[in-house]
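> Take a look at the following structure, please.
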Amino acid sequence: MALLEITDLHARYGMAKSLHGISLSVEEGSIVGIIGPNGAGKSTLMDSIMGLVENTGSIKVAGQETTRLDTSDIVRLGVGYAPERAHLFPYMSVRENLLVGAFTARETIEEKLEQVHDLFPVLKDRWAQETATQSGGERQMVSLGRALMSDPKILLVDEPTIGLAPKICDGIARALKRLNQEMGLTVVIAEQNVNFALSLAQEIHVLETGSLRVSGTPEQLRSDPELTKAYFGH
Ligand SMILES: Nc1ncnc2c1ncn2[C@@H]1O[C@H](COP(=O)(O)OP(=O)(O)OP(=O)(O)O)[C@@H](O)[C@H]1O
Ligand SMILES: [Mg+2]
């Protein structure tokens, strides 16, 4: 079953159109990658799913139309979002930032905190630290953790590896894989780091200037000479 179904999505910032008729679906239990260069519309696509950008078309989560819902109701439907560059509250502690994500799931706070600490043990040790003083990798972990606090069915992650060292990226990849395999979470990753997306996703959508150029498995995309030249190096 498609957990997320997007049909003919157009999005705009004021007069500027950013997405021109995107249609794609995300199967329950899968990891899907959205790749594309700067300005392709990856963040706009995720913001649209969260109801943060003016858009037309249809977005369904578990069969329910979300286009007219508020962001908080979209979170309640089971969509978690770790936005680009984390967007944490810098002068709040790790724990306080995590609790911000728990506004829809007050009864399960302790259980969700335990899950986040199990996934990222460093956050348990550093629970009282202001996120402004954390490393980029730790902040990314807080961002992912905060998105998990609402107990989502589907997690949207925007450029989780931006500015991070390869070893830290590996840790993020392991965490996303565990969430998918052990906890059954469906994951959508927007990335410019093509290899990161290819190593995790079963299906990839290539976005260029607001339109889908091509979709396929990592193997299918790697066998296309033009795409290989544009995105995958050699
Ligand atoms: N707040 C905004 N106001 C006006 N235009 C915007 C805004 N945010 C994005 N855009 C425009 O929308 C288009 C898509 O941008 P978007 O941020 O979605 O791209 P992206 O694929 O996420 O790029 P990046 O990899 O750099 O994050 C770009 O042309 C961008 O200039
Ligand atoms: Mg972006």
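Identifiers in this document derive from the order of the structure tokens: chains are assigned A, B, ..., residues are numbered from 1 separately in each chain, and ligands are numbered from 1 in order of occurrence.
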Mind listing the residues within 10 Å of ligand 2, only C-alpha atoms and all ligand atoms counted, as a ChimeraX atom specification?
/A:36-47,83-85,158-159,190-192
> In region 42-182 of chain A, what's strand (DSSP E) per DSSP? Answer as a ChimeraX atom specification?
/A:54-61,64-65,79-82,154-158
> Determine, counting only C-alpha atoms, which protein, DNA and RNA residues have an atom within 12 Å of an atom of Arg12 (chain A); residues of the same chain fewer than 2 positions away are not included. Present the result as a PyMOL selection string.
chain A and resi 9-10+14-21+41+44-45+47-48+52-56+210
> Can I get the selection written as a PDB file, in the first residue's frame, with C-alpha atoms?

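again26.pdb, freshly written:
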ATOM      1  CA  LEU A   9       1.601  18.722  -6.979  1.00  0.00           C
ATOM      2  CA  HIS A  10       2.310  22.359  -7.831  1.00  0.00           C
ATOM      3  CA  GLY A  14       4.329  34.044  -3.868  1.00  0.00           C
ATOM      4  CA  MET A  15       4.594  34.443  -7.632  1.00  0.00           C
ATOM      5  CA  ALA A  16       7.534  32.067  -7.992  1.00  0.00           C
ATOM      6  CA  LYS A  17       6.528  28.527  -8.940  1.00  0.00           C
ATOM      7  CA  SER A  18       8.817  25.901  -7.440  1.00  0.00           C
ATOM      8  CA  LEU A  19       7.132  22.574  -8.234  1.00  0.00           C
ATOM      9  CA  HIS A  20       5.451  21.879 -11.562  1.00  0.00           C
ATOM     10  CA  GLY A  21       3.206  18.840 -11.331  1.00  0.00           C
ATOM     11  CA  GLY A  41      12.661  21.682  -5.206  1.00  0.00           C
ATOM     12  CA  THR A  44       9.770  22.577  -1.253  1.00  0.00           C
ATOM     13  CA  LEU A  45       8.416  19.065  -1.809  1.00  0.00           C
ATOM     14  CA  ASP A  47       7.535  21.526   3.055  1.00  0.00           C
ATOM     15  CA  SER A  48       4.481  20.938   0.833  1.00  0.00           C
ATOM     16  CA  LEU A  52       4.158  24.694   4.968  1.00  0.00           C
ATOM     17  CA  VAL A  53       4.056  25.975   1.372  1.00  0.00           C
ATOM     18  CA  GLU A  54       1.155  27.103  -0.788  1.00  0.00           C
ATOM     19  CA  ASN A  55       0.337  24.194  -3.090  1.00  0.00           C
ATOM     20  CA  THR A  56      -2.295  22.610  -5.317  1.00  0.00           C
ATOM     21  CA  GLY A 210      10.759  21.579  -9.959  1.00  0.00           C
TER      22      GLY A 210
END
> Pick the closest to Lys124 (chain A) from A:Asn195, A:Ser93, A:Thr186, A:Thr66: which is it, counting only C-alpha atoms?
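Residue with the minimum atom-to-atom distance to Lys124 (chain A): A:Ser93.
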> Mind checking which residues fall within 12 Å of Gln64 (chain A), counting only C-alpha atoms, ignoring those fewer than 6 positions away in the same chain, and posting them as a list in words?
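Those residues are Ala2, Leu3, Leu4, Glu5, Ile6, Ser58, Asp73, Ile74, Leu77 and Gly78 of chain A.
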> Could those selected residues go to a file with N, CA, C and O atoms, as a PDB file, in the first residue's frame?

ATOM      1  N   ALA A   2       0.408   2.264  -0.738  1.00  0.00           N
ATOM      2  CA  ALA A   2       1.146   3.535  -0.707  1.00  0.00           C
ATOM      3  C   ALA A   2       0.777   4.287   0.574  1.00  0.00           C
ATOM      4  O   ALA A   2      -0.389   4.543   0.825  1.00  0.00           O
ATOM      5  N   LEU A   3       1.801   4.588   1.374  1.00  0.00           N
ATOM      6  CA  LEU A   3       1.551   5.342   2.610  1.00  0.00           C
ATOM      7  C   LEU A   3       1.444   6.833   2.279  1.00  0.00           C
ATOM      8  O   LEU A   3       0.726   7.570   2.934  1.00  0.00           O
ATOM      9  N   LEU A   4       2.200   7.222   1.254  1.00  0.00           N
ATOM     10  CA  LEU A   4       2.166   8.619   0.809  1.00  0.00           C
ATOM     11  C   LEU A   4       1.921   8.623  -0.693  1.00  0.00           C
ATOM     12  O   LEU A   4       2.607   7.918  -1.442  1.00  0.00           O
ATOM     13  N   GLU A   5       0.922   9.377  -1.109  1.00  0.00           N
ATOM     14  CA  GLU A   5       0.583   9.424  -2.538  1.00  0.00           C
ATOM     15  C   GLU A   5       0.449  10.888  -2.956  1.00  0.00           C
ATOM     16  O   GLU A   5      -0.403  11.610  -2.440  1.00  0.00           O
ATOM     17  N   ILE A   6       1.323  11.306  -3.851  1.00  0.00           N
ATOM     18  CA  ILE A   6       1.329  12.699  -4.302  1.00  0.00           C
ATOM     19  C   ILE A   6       0.916  12.723  -5.770  1.00  0.00           C
ATOM     20  O   ILE A   6       1.478  11.979  -6.583  1.00  0.00           O
ATOM     21  N   SER A  58      -2.861  16.909  -5.103  1.00  0.00           N
ATOM     22  CA  SER A  58      -3.336  16.031  -4.031  1.00  0.00           C
ATOM     23  C   SER A  58      -2.166  15.402  -3.291  1.00  0.00           C
ATOM     24  O   SER A  58      -1.194  14.950  -3.900  1.00  0.00           O
ATOM     25  N   ASP A  73      -1.962  18.851  12.328  1.00  0.00           N
ATOM     26  CA  ASP A  73      -2.805  17.694  12.025  1.00  0.00           C
ATOM     27  C   ASP A  73      -2.074  16.704  11.113  1.00  0.00           C
ATOM     28  O   ASP A  73      -2.295  15.495  11.196  1.00  0.00           O
ATOM     29  N   ILE A  74      -1.214  17.221  10.260  1.00  0.00           N
ATOM     30  CA  ILE A  74      -0.425  16.337   9.391  1.00  0.00           C
ATOM     31  C   ILE A  74       0.559  15.528  10.267  1.00  0.00           C
ATOM     32  O   ILE A  74       0.754  14.336  10.057  1.00  0.00           O
ATOM     33  N   LEU A  77      -1.327  12.810  11.884  1.00  0.00           N
ATOM     34  CA  LEU A  77      -1.626  11.706  10.956  1.00  0.00           C
ATOM     35  C   LEU A  77      -0.457  10.730  10.840  1.00  0.00           C
ATOM     36  O   LEU A  77      -0.595   9.654  10.288  1.00  0.00           O
ATOM     37  N   GLY A  78       0.729  11.163  11.321  1.00  0.00           N
ATOM     38  CA  GLY A  78       1.854  10.231  11.318  1.00  0.00           C
ATOM     39  C   GLY A  78       3.026  10.632  10.448  1.00  0.00           C
ATOM     40  O   GLY A  78       3.819   9.790  10.027  1.00  0.00           O
TER      41      GLY A  78
END
> What's around Ser199 (chain A) at 10 Å? Count only C-alpha atoms, leave out sequence neighbours fewer than 5 positions away in its own chain, and write the answer as number ranges by chain.
A: 33, 173, 194, 218
> Run DSSP on the backbone and tell me which residues of region 62-203 of chain A come out as alpha helix (DSSP H); list them as a count of residues only.
65
> As a ChimeraX atom specification, please: the residues near Phe89 (chain A) (cut-off 8 Å, only C-alpha atoms, same-chain neighbours under 2 positions excluded).
/A:87,91-92,97,131-132
> Considering only C-alpha atoms, state which residue in the set A:Ser211, A:Ser143, A:Thr228, A:Asn193 is at the smallest distance from Phe120 (chain A).
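Nearest to Phe120 (chain A): A:Ser143.
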> Return the single residue from A:Gly137, A:Pro160, A:Pro152, A:Gly101 that is closest to ligand 1, with distances computed using only C-alpha atoms and all ligand atoms.
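Closest residue, counting only C-alpha atoms and all ligand atoms: A:Pro160.
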> Measuring atom to atom with only C-alpha atoms, identify which of A:Ala11, A:Ile154, A:Ile35, A:Ala82 is nearest to Gly51 (chain A).
A:Ala11
> In Å, with one decimal, what is the gap from CA of Ile22 (chain A) to CA of Phe196 (chain A)?
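Computing the Euclidean distance for CA of Ile22 (chain A) and CA of Phe196 (chain A) yields 22.9 Å.
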> If I take CA of Leu227 (chain A) and CA of Lys167 (chain A), how far is one from the other in Å, to one decimal?
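Result for CA of Leu227 (chain A) versus CA of Lys167 (chain A): 26.7 Å, one decimal.
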> Here is a test: counting only C-alpha atoms and all ligand atoms, which residue of A:Ala165, A:Val157, A:Val214, A:Val61 is nearest to ligand 1?
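The answer is A:Val157, which sits nearest to ligand 1.
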> Please compute the CA of Ile109 (chain A)-CA of Met149 (chain A) distance, one decimal, in Å.
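It comes out at 7.1 Å.
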> Considering only C-alpha atoms, return as a ChimeraX atom specification whatever protein or nucleic-acid residues lie within 12 Å of Val26 (chain A), sequence-local ones (same chain, fewer than 4 positions apart) excluded.
/A:1-7,30-34,59-63,153-156,185-189,201-205,215
